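Step one of this worksheet: look at the structure below.
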Amino acid sequence: MSTLKVTNIEHGSTTDGGIQLDSDGHVTIDGQQLPTAGALSNRNLIINGAMQVAQRDTSSTSSGYHTVDRFKNEFGGVSVTQSQQTLSSGSPYDEGFRYFLRLANTSTSTSASSAAEIQYRVEAQDLAQSGWNYKSTSSYVTFSFWARSSLAGTYYVTYRDRDASTLQYIKSFALVADTWTKVTHTIPGGSDVVFNNDNGEGLRIMIVPHYGTNFTGSGAELDTWHDRVGSDYFPDYAQNWSNTASATFDITGVQLEVGEQATPFEHRSYGDELHRCQRYFQHSFQGAPGTGNTSNDGIVSVGGSTTGNTTSFIGTGRIEFSPNMRADPTITIFDLANPRNTGKCMRHTYGSAGTNNSSVGAHDINTKSFVVRSDGSANASGIIFHYQAEAEL
C-alpha cells in the first residue's frame with residue numbers, strides 16, 4: 001500500500017478552490033473546513049444559535065430569559081436593554097444570518113460590582129453523549145460565534161463546568177469598534193472535567209462585555225482548566241463597557257461542536273429551532289406571553305356550557321406539551337382581564353361575559369402535561385385561560 005502526500009488538489013485551469021490538507025491532516029474543500037470529529041449534520045450543540053426564535057419578547061430591560069430563546073442575559077449594577085435585532089447587509093448577513101442578540105447599556109456605572117453577560121447553558125447529557133472525550137487533553141470541542149461591540153477592547157468567554165463546581169476555562173477575544181468579528185475557541189478536555197448524563201446543566205458558556213473588579217483578578221487563568229479562586233471569574237478588563245454611555249454588544253452565529261476545527265455554521269429551519277426551544281419554554285399566546293398581551297388567540301377553554309353552573313369546582317382541563325419538556329416546568333396561568341391577572345382564570349358560561357380574577361390551579365405537572373382546575377368563585381360552568389410553561393436550566 002502506498003501513500004500520496006500532497007497539500008493541494010486543484011483543477012489544472014484554476015488556482016481557486018479545490019482540496020487543501022494542512023500539516024495536521026485536516027481537510028478543507030473549496031475553502032470550507034470539514035469536521036474533525038462527530039457528524040456532518042446535527043453537530044451544533046447550541047439551540048437557536050442564529051437568534052431566530054424569541055418566544056417571550058423582542059426587547060426587555062430585565063435580566064434573565066426574556067428575549068432570544070435559550071440565551072440568558074444577566075446584568076447588575078448597570079442598566080441594560082436586551083433585544084433581538086435584525087441584520088440587513090454585510091457580515092454576518094452574507095453568511096445567512098438575519099438576527100442577532102444585543103445588549104445595550106442605557107446608563108453609566110463605575111461600580112466595581114457592575115456586570116453584564118450573555119449565558120448559554122448546555123444540558124449535561126448533550127455533552128456526555130456528544131462524542132467529546134472531555135477527560136482527555138487530546139479531545140476537543142470548538143466554540144465559534146460572531147461578535148461586535150461599539151467599544152474596542154479585549155473581551156472574555158468562560159466555559160464553566162457546572163458538574164465540577166468551580167472548574168472553568170477562560171478564553172479571550174479582541175474586537176475593533178463597530179466591526180463584526182468571527183471568534184473561534186478550541187477547548188481541550190481535562191482530567192477533572194465532569195458532565196453527568198442527565199438533564200441538568202452541564203456547561204455554562206458566558207460571553208461577557210464587562211465584569212467589575214469585584215469579580216476579576218489574577219486568579220482567573222487563561223487557556224487552562226482551573227478552579228476559580230474566590231471571585232476571580234475573569235482577568236481585569238482594560239476597557240469599561242459598563243461605564244460607556246450607549247455602549248452595545250452583539251452576537252450571532254453561535255456554534256459548539258466536537259472537534260478541533262470550526263466548521264461552517266449549521267443553519268436549521270425556524271420550525272426545527274422553535275421545536276428545540278419548546279423543550280425549555282412554551283405557551284398558549286399568539287405573540288409574546290404576558291399580562292400585557294390581551295389577544296384571545298390561542299386561549300384554552302374548558303367546559304362553559306349553558307347549564308351546570310356552580311360556584312365550586314370546575315375542571316379538569318389537560319394541557320399536553322409538544323414536545324415533552326426538559327423537566328417538570330413552572331406553570332403560570334393568566335385570565336382574560338386587561339391587563340391579565342397571573343395565577344387566575346376567567347370563570348364563564350356560554351353566552352355570558354364571564355368573571356376574571358377567579359381562582360385557578362395547575363396540578364399533576366410533569367414533562368408531558370398538566371391539568372388546570374378552578375376550585376371556586378363566580379357562578380359558572382367553565383374556565384378560560386392562557387398559560388406559559390418554563391423548564392429552563
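Residues are referred to by chain and number: the chain letter is A, B, ... according to the order shown in the C-alpha cells, the number counts from 1 in that chain, and ligands are numbered separately from 1 in the order shown.
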
Those in region 327-357 of chain A with strand (DSSP E or B) from DSSP, as a ChimeraX atom specification: /A:330-334,342,344-348,355-357

If you keep N, CA and C atoms, can you produce a file of those selected residues as a JSON list (two decimals), in the first residue's frame?
```json
[["chain", "number", "residue", "atom", "x", "y", "z"],
["A", 330, "THR", "N", -42.35, 25.07, 35.46],
["A", 330, "THR", "CA", -43.09, 26.04, 36.27],
["A", 330, "THR", "C", -44.20, 26.59, 35.40],
["A", 331, "ILE", "N", -45.45, 26.52, 35.89],
["A", 331, "ILE", "CA", -46.62, 26.93, 35.11],
["A", 331, "ILE", "C", -47.13, 28.27, 35.62],
["A", 332, "THR", "N", -47.40, 29.18, 34.69],
["A", 332, "THR", "CA", -48.07, 30.44, 35.00],
["A", 332, "THR", "C", -49.36, 30.50, 34.21],
["A", 333, "ILE", "N", -50.47, 30.79, 34.89],
["A", 333, "ILE", "CA", -51.78, 30.86, 34.24],
["A", 333, "ILE", "C", -52.26, 32.30, 34.26],
["A", 334, "PHE", "N", -52.91, 32.74, 33.19],
["A", 334, "PHE", "CA", -53.39, 34.11, 33.03],
["A", 334, "PHE", "C", -54.88, 34.11, 32.73],
["A", 342, "THR", "N", -52.20, 37.17, 36.80],
["A", 342, "THR", "CA", -51.49, 35.90, 36.81],
["A", 342, "THR", "C", -52.00, 35.04, 37.97],
["A", 344, "LYS", "N", -54.66, 33.38, 37.86],
["A", 344, "LYS", "CA", -56.12, 33.48, 37.85],
["A", 344, "LYS", "C", -56.67, 33.03, 36.51],
["A", 345, "CYS", "N", -57.98, 32.75, 36.46],
["A", 345, "CYS", "CA", -58.65, 32.39, 35.21],
["A", 345, "CYS", "C", -59.96, 33.16, 35.10],
["A", 346, "MET", "N", -60.60, 33.03, 33.96],
["A", 346, "MET", "CA", -61.97, 33.51, 33.82],
["A", 346, "MET", "C", -62.92, 32.33, 34.01],
["A", 347, "ARG", "N", -63.90, 32.49, 34.89],
["A", 347, "ARG", "CA", -64.98, 31.51, 35.00],
["A", 347, "ARG", "C", -66.14, 32.04, 34.16],
["A", 348, "HIS", "N", -66.72, 31.18, 33.31],
["A", 348, "HIS", "CA", -67.73, 31.68, 32.38],
["A", 348, "HIS", "C", -68.80, 30.63, 32.10],
["A", 355, "THR", "N", -66.28, 35.98, 34.43],
["A", 355, "THR", "CA", -65.70, 36.69, 35.56],
["A", 355, "THR", "C", -64.21, 36.39, 35.64],
["A", 356, "ASN", "N", -63.39, 37.43, 35.45],
["A", 356, "ASN", "CA", -61.95, 37.27, 35.58],
["A", 356, "ASN", "C", -61.53, 37.25, 37.05],
["A", 357, "ASN", "N", -60.20, 37.10, 37.27],
["A", 357, "ASN", "CA", -59.63, 37.10, 38.61],
["A", 357, "ASN", "C", -60.21, 36.00, 39.48]]
```

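With only C-alpha atoms taken into account, the protein and nucleic acid residues at most 7 Å from region 183-189 of chain A (excluding it and anything under 5 positions from it in its own chain) are Asn133, Tyr134, Lys135, Ser136, Thr137, Ser138, Ser139, Tyr140, Val141, Thr142, Phe143, Ser144, Phe145, Trp146, Phe173, Glu260 and Ala262 of chain A.
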
Using C-alpha atoms, can you write the selected residues to a file as a short mmCIF file (atom, residue, chain, number, x, y, z; two decimals), in the first residue's frame?
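Generated file (part_24.cif):
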```cif
data_model
loop_
_atom_site.label_atom_id
_atom_site.label_comp_id
_atom_site.auth_asym_id
_atom_site.auth_seq_id
_atom_site.Cartn_x
_atom_site.Cartn_y
_atom_site.Cartn_z
CA ASN A 133 -13.87 12.68 25.44
CA TYR A 134 -13.89 15.58 27.87
CA LYS A 135 -11.43 13.90 30.25
CA SER A 136 -8.76 13.71 27.57
CA THR A 137 -6.48 16.68 26.83
CA SER A 138 -6.26 15.48 23.22
CA SER A 139 -10.02 15.64 22.65
CA TYR A 140 -11.65 18.97 21.83
CA VAL A 141 -14.79 20.97 21.33
CA THR A 142 -14.82 24.16 19.28
CA PHE A 143 -16.96 27.17 20.08
CA SER A 144 -17.48 29.83 17.43
CA PHE A 145 -19.63 32.94 17.15
CA TRP A 146 -19.84 36.38 15.56
CA PHE A 173 -11.00 37.69 22.06
CA GLU A 260 -10.59 20.88 16.76
CA ALA A 262 -14.80 25.38 13.45
#
```

Polymer residues at most 6 Å from region 69-75 of chain A, only C-alpha atoms, same-chain spacing of 6 or more positions, as a PyMOL selection string: chain A and resi 53-54+63+115-120

Take the residues from that selection and write them out as a compact mmCIF listing (two decimals), in the first residue's frame, keeping C-alpha atoms.
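Just written: result-v4.txt:
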```txt
# COMPACT_ATOMS: atom_id res chain seq x y z
CA VAL A 53 -36.61 32.37 17.94
CA ALA A 54 -37.73 34.91 20.56
CA SER A 63 -32.15 40.25 33.50
CA ALA A 115 -21.50 43.18 35.34
CA ALA A 116 -23.12 42.28 32.04
CA GLU A 117 -23.02 38.86 30.44
CA ILE A 118 -24.67 36.56 27.91
CA GLN A 119 -25.11 33.00 29.13
CA TYR A 120 -25.83 29.78 27.28
```

Determine, for each residue of region 131-164 of chain A having at least one atom at most 9 Å from an atom of region 212-234 of chain A, the closest pair of atoms and their separation in Å to one decimal, counting only C-alpha atoms; order by chain and ascending number, as JSON lines.
```
{"residue": "A:Tyr156", "atom": "CA", "partner": "A:Phe234", "partner_atom": "CA", "distance": 7.3}
{"residue": "A:Val157", "atom": "CA", "partner": "A:Phe234", "partner_atom": "CA", "distance": 8.6}
{"residue": "A:Thr158", "atom": "CA", "partner": "A:Phe234", "partner_atom": "CA", "distance": 7.8}
```

Interatomic distance (Å, one decimal) between CA of Arg160 (chain A) and CA of Met206 (chain A):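 Atom-to-atom, CA of Arg160 (chain A) and CA of Met206 (chain A) are spaced 8.0 Å apart.
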
Nearest-residue call for Gln282 (chain A), choices A:Gln388, A:Thr81, A:Ser352, A:Asn105, using only C-alpha atoms: A:Gln388

Selection near Gly153 (chain A), 7 Å with only C-alpha atoms, sequence-local residues under 4 positions removed, as a VMD selection string: chain A and resid 174 to 176 239

Of the listed residues A:Ala391, A:Ala337, A:Ile314, A:Glu201, that which approaches Gly376 (chain A) most closely, counting only C-alpha atoms: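 Between A:Ala391, A:Ala337, A:Ile314, A:Glu201, the residue approaching Gly376 (chain A) most closely is A:Ile314.
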
Contacts of Ser107 (chain A) within 7 Å, only C-alpha atoms, excl. fewer than 2 positions in-chain, as a VMD selection string: chain A and resid 78 to 79 105 109 245

Those selected residues, please, written with N, CA and C atoms and delivered as a short mmCIF file (atom, residue, chain, number, x, y, z; two decimals), in the first residue's frame.
```
data_model
loop_
_atom_site.label_atom_id
_atom_site.label_comp_id
_atom_site.auth_asym_id
_atom_site.auth_seq_id
_atom_site.Cartn_x
_atom_site.Cartn_y
_atom_site.Cartn_z
N VAL A 78 -25.72 48.07 36.53
CA VAL A 78 -25.78 48.87 35.32
C VAL A 78 -27.11 48.56 34.64
N SER A 79 -27.69 49.56 33.98
CA SER A 79 -28.98 49.37 33.30
C SER A 79 -28.73 48.93 31.86
N ASN A 105 -26.17 49.29 26.77
CA ASN A 105 -26.01 49.98 28.05
C ASN A 105 -26.82 51.28 28.03
N SER A 109 -21.83 53.30 34.76
CA SER A 109 -21.57 52.83 36.12
C SER A 109 -20.08 52.63 36.33
N ALA A 245 -21.47 55.23 28.02
CA ALA A 245 -22.86 55.52 27.69
C ALA A 245 -23.22 54.99 26.31
#
```

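For the set A:His275, A:Phe313, A:Phe385, A:Ala238, the residue with the smallest atom-to-atom gap to Thr291 (chain A) is A:Phe385, counting only C-alpha atoms.
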
Contacts of Leu45 (chain A) at 7 Å or less, counting only C-alpha atoms, minus same-chain residues fewer than 6 places along, as an mmCIF file with C-alpha atoms, in the first residue's frame?
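The resulting file, selection.cif, is reproduced below:
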```cif
data_model
loop_
_atom_site.group_PDB
_atom_site.id
_atom_site.type_symbol
_atom_site.label_atom_id
_atom_site.label_comp_id
_atom_site.auth_asym_id
_atom_site.auth_seq_id
_atom_site.Cartn_x
_atom_site.Cartn_y
_atom_site.Cartn_z
ATOM 1 C CA GLN A 255 -21.985 27.115 17.459
ATOM 2 C CA LEU A 256 -20.481 24.437 19.733
ATOM 3 C CA GLU A 257 -19.227 21.274 18.049
#
```

Atomic distance CA of Ser381 (chain A) - CA of Thr307 (chain A), expressed in Å with one decimal: 6.7 Å

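Closest approach to Gly298 (chain A) among A:Asn196, A:Ser242, A:Thr310, A:Ser284 is made by A:Ser284 (distances from only C-alpha atoms).
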